[in-house]
Amino acid sequence: MHLTIDGYGGDPGRLADENLVRALLDECPAEIGMTKIAPPYVCRYQASQPADWGISGFVLIGESHLSIHTFPARGLVWADIFSCKGFDAERVVERVKTTFALGDTRLHLLERGLEYAEQVAPLAIAPSA
């Protein structure tokens, strides 16, 4: 599954909080039954347009990744949750809405290969030991 969340009307202070973004990325995988394989990476960036600065972060999970990009001056957040197995999309949406105090969201859910590659097609190359 690949869930994208476009969030609008968010709290600029929350959207600018690196620790809040980091905590969301750190806690969310376990909340939806995923396996975090590395700590979240979060950074503040300054874009060429002053209003486009924000916080970006991602966390690798055994099933793929979660990423967040905030735009505090615009009240926006974009989040992607991509996993090779199903998850509770409503739970993630509520968590993102609450975390950033969003006024509105637009969601897109793309069903992607929910079966593991071994179930879809035989391995082309045997895993190395």
# chains A, B, ... in the order shown; residues from 1 in each chain; ligands from 1
>>> residues_around(residues="Val77 of chain A", least_positions_apart="2", cutoff="12 Å", atoms="only C-alpha atoms", output="compact mmCIF listing (two decimals) with N, CA, C and O atoms, in the first residue's frame")
# COMPACT_ATOMS: atom_id res chain seq x y z
N THR A 4 -0.65 8.53 0.50
CA THR A 4 -0.10 9.89 0.52
C THR A 4 -1.12 10.79 1.21
O THR A 4 -2.33 10.64 1.03
N ILE A 5 -0.60 11.68 2.03
CA ILE A 5 -1.42 12.62 2.77
C ILE A 5 -0.94 14.02 2.44
O ILE A 5 0.23 14.34 2.66
N ASP A 6 -1.83 14.84 1.91
CA ASP A 6 -1.57 16.26 1.72
C ASP A 6 -2.36 16.98 2.79
O ASP A 6 -3.60 16.91 2.80
N GLY A 7 -1.68 17.62 3.74
CA GLY A 7 -2.35 18.27 4.86
C GLY A 7 -2.30 19.78 4.73
O GLY A 7 -1.27 20.34 4.36
N TYR A 8 -3.43 20.42 5.06
CA TYR A 8 -3.58 21.87 4.91
C TYR A 8 -4.04 22.50 6.21
O TYR A 8 -4.68 21.86 7.03
N GLY A 9 -3.72 23.78 6.39
CA GLY A 9 -4.20 24.52 7.54
C GLY A 9 -3.58 24.07 8.85
O GLY A 9 -4.18 24.21 9.90
N GLY A 10 -2.35 23.56 8.77
CA GLY A 10 -1.68 23.07 9.97
C GLY A 10 -1.12 24.18 10.85
O GLY A 10 -0.96 25.32 10.42
N ASP A 11 -0.80 23.81 12.07
CA ASP A 11 -0.22 24.74 13.04
C ASP A 11 1.25 24.99 12.67
O ASP A 11 2.06 24.06 12.69
N PRO A 12 1.62 26.24 12.33
CA PRO A 12 2.99 26.52 11.91
C PRO A 12 4.05 26.11 12.94
O PRO A 12 5.12 25.64 12.57
N ARG A 14 3.91 23.62 15.12
CA ARG A 14 4.06 22.16 15.08
C ARG A 14 4.78 21.72 13.81
O ARG A 14 5.62 20.83 13.83
N LEU A 15 4.44 22.35 12.69
CA LEU A 15 5.08 22.01 11.42
C LEU A 15 6.57 22.36 11.41
O LEU A 15 7.34 21.78 10.65
N ALA A 16 6.98 23.29 12.25
CA ALA A 16 8.38 23.72 12.33
C ALA A 16 9.18 22.95 13.38
O ALA A 16 10.38 23.18 13.52
N VAL A 21 8.37 16.03 14.38
CA VAL A 21 8.48 15.22 13.16
C VAL A 21 9.25 13.93 13.47
O VAL A 21 8.84 12.84 13.08
N ASP A 52 9.09 28.59 1.53
CA ASP A 52 9.16 27.15 1.27
C ASP A 52 10.11 26.40 2.20
O ASP A 52 10.40 25.23 1.97
N TRP A 53 10.59 27.05 3.26
CA TRP A 53 11.46 26.36 4.21
C TRP A 53 10.62 25.33 4.96
O TRP A 53 9.39 25.37 4.97
N GLY A 54 11.29 24.37 5.58
CA GLY A 54 10.53 23.40 6.37
C GLY A 54 11.39 22.30 6.94
O GLY A 54 12.62 22.41 7.01
N ILE A 55 10.70 21.26 7.35
CA ILE A 55 11.33 20.09 7.95
C ILE A 55 11.04 18.89 7.05
O ILE A 55 9.89 18.70 6.64
N SER A 56 12.04 18.12 6.75
CA SER A 56 11.86 16.87 6.01
C SER A 56 12.46 15.75 6.81
O SER A 56 13.49 15.92 7.47
N GLY A 57 11.82 14.59 6.73
CA GLY A 57 12.35 13.44 7.44
C GLY A 57 11.81 12.16 6.85
O GLY A 57 10.79 12.14 6.16
N SER A 67 7.79 9.00 4.99
CA SER A 67 8.46 10.30 4.82
C SER A 67 7.47 11.43 5.10
O SER A 67 6.26 11.28 4.91
N ILE A 68 8.03 12.54 5.56
CA ILE A 68 7.24 13.73 5.89
C ILE A 68 8.00 14.96 5.41
O ILE A 68 9.22 15.06 5.60
N HIS A 69 7.26 15.90 4.81
CA HIS A 69 7.82 17.18 4.38
C HIS A 69 6.86 18.26 4.85
O HIS A 69 5.69 18.24 4.48
N THR A 70 7.35 19.18 5.68
CA THR A 70 6.49 20.26 6.19
C THR A 70 6.88 21.60 5.57
O THR A 70 8.03 21.81 5.19
N PHE A 71 5.88 22.47 5.51
CA PHE A 71 6.05 23.83 5.02
C PHE A 71 5.33 24.75 6.01
O PHE A 71 4.18 25.14 5.78
N PRO A 72 5.99 25.08 7.14
CA PRO A 72 5.33 25.82 8.22
C PRO A 72 4.72 27.16 7.79
O PRO A 72 3.61 27.49 8.22
N ALA A 73 5.41 27.92 6.97
CA ALA A 73 4.90 29.23 6.55
C ALA A 73 3.65 29.11 5.69
O ALA A 73 2.87 30.06 5.58
N ARG A 74 3.44 27.94 5.12
CA ARG A 74 2.27 27.70 4.27
C ARG A 74 1.21 26.83 4.98
O ARG A 74 0.15 26.58 4.41
N GLY A 75 1.53 26.32 6.17
CA GLY A 75 0.59 25.47 6.89
C GLY A 75 0.39 24.11 6.25
O GLY A 75 -0.64 23.47 6.45
N ALA A 79 2.93 13.78 3.44
CA ALA A 79 3.46 12.55 4.04
C ALA A 79 3.19 11.37 3.12
O ALA A 79 2.14 11.31 2.47
N ASP A 80 4.14 10.46 3.08
CA ASP A 80 4.00 9.20 2.32
C ASP A 80 4.26 8.04 3.27
O ASP A 80 5.25 8.07 4.02
N VAL A 93 -3.61 8.48 9.21
CA VAL A 93 -4.18 9.78 8.87
C VAL A 93 -4.54 10.55 10.13
O VAL A 93 -4.21 11.74 10.27
N VAL A 96 -1.35 11.86 11.84
CA VAL A 96 -0.77 13.02 11.15
C VAL A 96 -1.64 14.25 11.38
O VAL A 96 -1.13 15.34 11.68
N LYS A 97 -2.97 14.10 11.27
CA LYS A 97 -3.87 15.24 11.51
C LYS A 97 -3.68 15.82 12.91
O LYS A 97 -3.57 17.03 13.08
N THR A 99 -1.08 15.36 15.04
CA THR A 99 0.28 15.84 15.26
C THR A 99 0.46 17.27 14.77
O THR A 99 1.08 18.09 15.46
N PHE A 100 -0.08 17.58 13.60
CA PHE A 100 0.14 18.90 13.01
C PHE A 100 -1.09 19.81 13.09
O PHE A 100 -1.07 20.89 12.51
N ALA A 101 -2.13 19.39 13.81
CA ALA A 101 -3.36 20.17 13.98
C ALA A 101 -3.89 20.63 12.62
O ALA A 101 -4.16 21.82 12.40
N LEU A 102 -4.06 19.68 11.71
CA LEU A 102 -4.47 20.01 10.34
C LEU A 102 -5.94 20.37 10.26
O LEU A 102 -6.78 19.76 10.92
N GLY A 103 -6.25 21.33 9.40
CA GLY A 103 -7.63 21.71 9.16
C GLY A 103 -8.28 20.87 8.09
O GLY A 103 -9.49 20.66 8.09
N ASP A 104 -7.49 20.36 7.14
CA ASP A 104 -8.03 19.60 6.01
C ASP A 104 -6.95 18.67 5.48
O ASP A 104 -5.76 18.94 5.64
N THR A 105 -7.39 17.59 4.86
CA THR A 105 -6.44 16.66 4.24
C THR A 105 -7.01 16.15 2.92
O THR A 105 -8.23 16.09 2.73
N ARG A 106 -6.10 15.79 2.05
CA ARG A 106 -6.44 15.06 0.82
C ARG A 106 -5.62 13.79 0.86
O ARG A 106 -4.40 13.84 1.10
N LEU A 107 -6.27 12.68 0.60
CA LEU A 107 -5.62 11.38 0.71
C LEU A 107 -5.65 10.65 -0.61
O LEU A 107 -6.62 10.77 -1.37
>>> select_by_dssp(residues="chain A", states="helix (DSSP H, G or I)", output="PyMOL selection string")
chain A and resi 12-15+18-31+50-52+72-74+89-100+117-120
>>> atom_distance(atom1="atom CA of Ser83 of chain A", atom2="atom CA of Gly62 of chain A")
8.5 Å
>>> select_by_dssp(residues="segment 5-67 of chain A", states="strand (DSSP E or B)", output="compact mmCIF listing (two decimals) with C-alpha atoms, in the first residue's frame")
# COMPACT_ATOMS: atom_id res chain seq x y z
CA ILE A 5 -1.42 12.62 2.77
CA ASP A 6 -1.57 16.26 1.72
CA GLY A 7 -2.35 18.27 4.86
CA TYR A 8 -3.58 21.87 4.91
CA LYS A 36 11.73 0.14 11.95
CA TYR A 41 16.57 11.07 9.71
CA VAL A 42 15.17 14.60 10.05
CA CYS A 43 16.56 17.90 8.83
CA ARG A 44 15.56 21.53 8.51
CA TYR A 45 16.00 23.04 5.06
CA GLY A 54 10.53 23.40 6.37
CA ILE A 55 11.33 20.09 7.95
CA SER A 56 11.86 16.87 6.01
CA GLY A 57 12.35 13.44 7.44
CA PHE A 58 12.08 9.77 6.69
CA VAL A 59 12.42 6.44 8.41
CA LEU A 60 13.31 3.15 6.79
CA ILE A 61 11.13 0.22 7.70
CA SER A 64 9.68 0.19 2.87
CA HIS A 65 9.53 3.76 4.32
CA LEU A 66 7.65 6.71 5.80
CA SER A 67 8.46 10.30 4.82
>>> atom_distance(atom1="atom CA of Leu110 of chain A", atom2="atom CA of Leu24 of chain A")
22.0 Å
>>> closest_residue(among="A:Gly13, A:Leu3, A:Glu18, A:Thr98", to="Phe82 of chain A", atoms="only C-alpha atoms")
A:Leu3
>>> closest_residue(among="A:Met1, A:Leu25, A:Ala51, A:Ala30", to="Phe87 of chain A", atoms="only C-alpha atoms")
A:Met1
>>> atom_distance(atom1="atom CA of Glu111 of chain A", atom2="atom CA of Pro39 of chain A")
26.3 Å
>>> closest_residue(among="A:Pro40, A:His108, A:Gln46, A:Leu76", to="Cys28 of chain A", atoms="only C-alpha atoms")
A:Pro40
